[in-house]
Amino acid sequence: MDWNHYRFRSLWPLPAPPAAVYEVLQRPEDYPRWWRQVREVTRLDDTTGVIRIRSVLPYDMTFTAREVRRDPGSGVLEIAVSGDIEGRARWTVTPRGTGSLARYDQVVSVTKPLLRRFAVPGRPVFRANHALMMRSGRRGLLRYLGTV
């Protein structure tokens with residue numbers, strides 16, 4: 001087992017229609033407005049940006065995100081990431097009842113040296129840190145969708 005490899009899946013049931021959710025998720029430069037753990041997004045061009053995140057644990061992670069797929073018809077937004085983490089992340093927004101379901105899938109390997117050093121003992125803590133970040137993101141998006 002590669003202790004630095006992670007697979008995450010988060011499911012966010014949301015009361016807003018899929019098109020409204022997709023519209024917000026496709027603008028990563030606005031994420032810091034509603035997702036407090038996304039500290040900074042710097043656009044490099046139309047499809048690439050540098051993102052800095054920090055959740056509960058006292059470390060920042062910085063990575064470059066490059067869009068690889070944007071398909072509003074199927075509700076898919078997918079990026080390749082490189083930097084402190086390497087891999088991919090994907091949002092899939094689908095109808096659910098009168099609202100939508102935003103599914104987030106991430107497959108990454110950690111490259112940040114400090115986190116690699118603590119890969120085995122830190123793994124449960126790193127996973128919990130990610131879960132807290134995702135839970136906070138959903139709450140922030142719910143608030144933001146109420147004001148958009």
# chains A, B, ... in the order shown; residues from 1 in each chain; ligands from 1
$ residues_around --residues "Arg103 in chain A" --least-positions-apart "3" --cutoff "6 Å" --atoms "only C-alpha atoms" --output "ChimeraX atom specification"
/A:10-11,91-92
$ select_by_dssp --residues "chain A" --states "strand (DSSP E or B)" --output "PyMOL selection string"
chain A and resi 5-14+38-43+48-53+61-71+76-83+85-96+99-110
$ select_by_dssp --residues "range 13-144 of chain A" --states "helix (DSSP H, G or I)" --output "ChimeraX atom specification"
/A:18-25,28-34,113-117,119-144
$ atom_distance --atom1 "CA of Thr47 in chain A" --atom2 "CA of Ala65 in chain A"
8.2 Å
$ atom_distance --atom1 "CA of Gly137 in chain A" --atom2 "CA of Asp2 in chain A"
27.4 Å
$ closest_residue --among "A:Val81, A:Leu114, A:Val24, A:Leu132" --to "Ile51 in chain A" --atoms "only C-alpha atoms"
A:Val81
$ closest_residue --among "A:Gln26, A:Leu14, A:Trp35, A:Gly83" --to "Val50 in chain A" --atoms "only C-alpha atoms"
A:Gly83
$ closest_residue --among "A:Trp12, A:Tyr144, A:Phe63, A:Tyr6" --to "Lys112 in chain A" --atoms "only C-alpha atoms"
A:Phe63
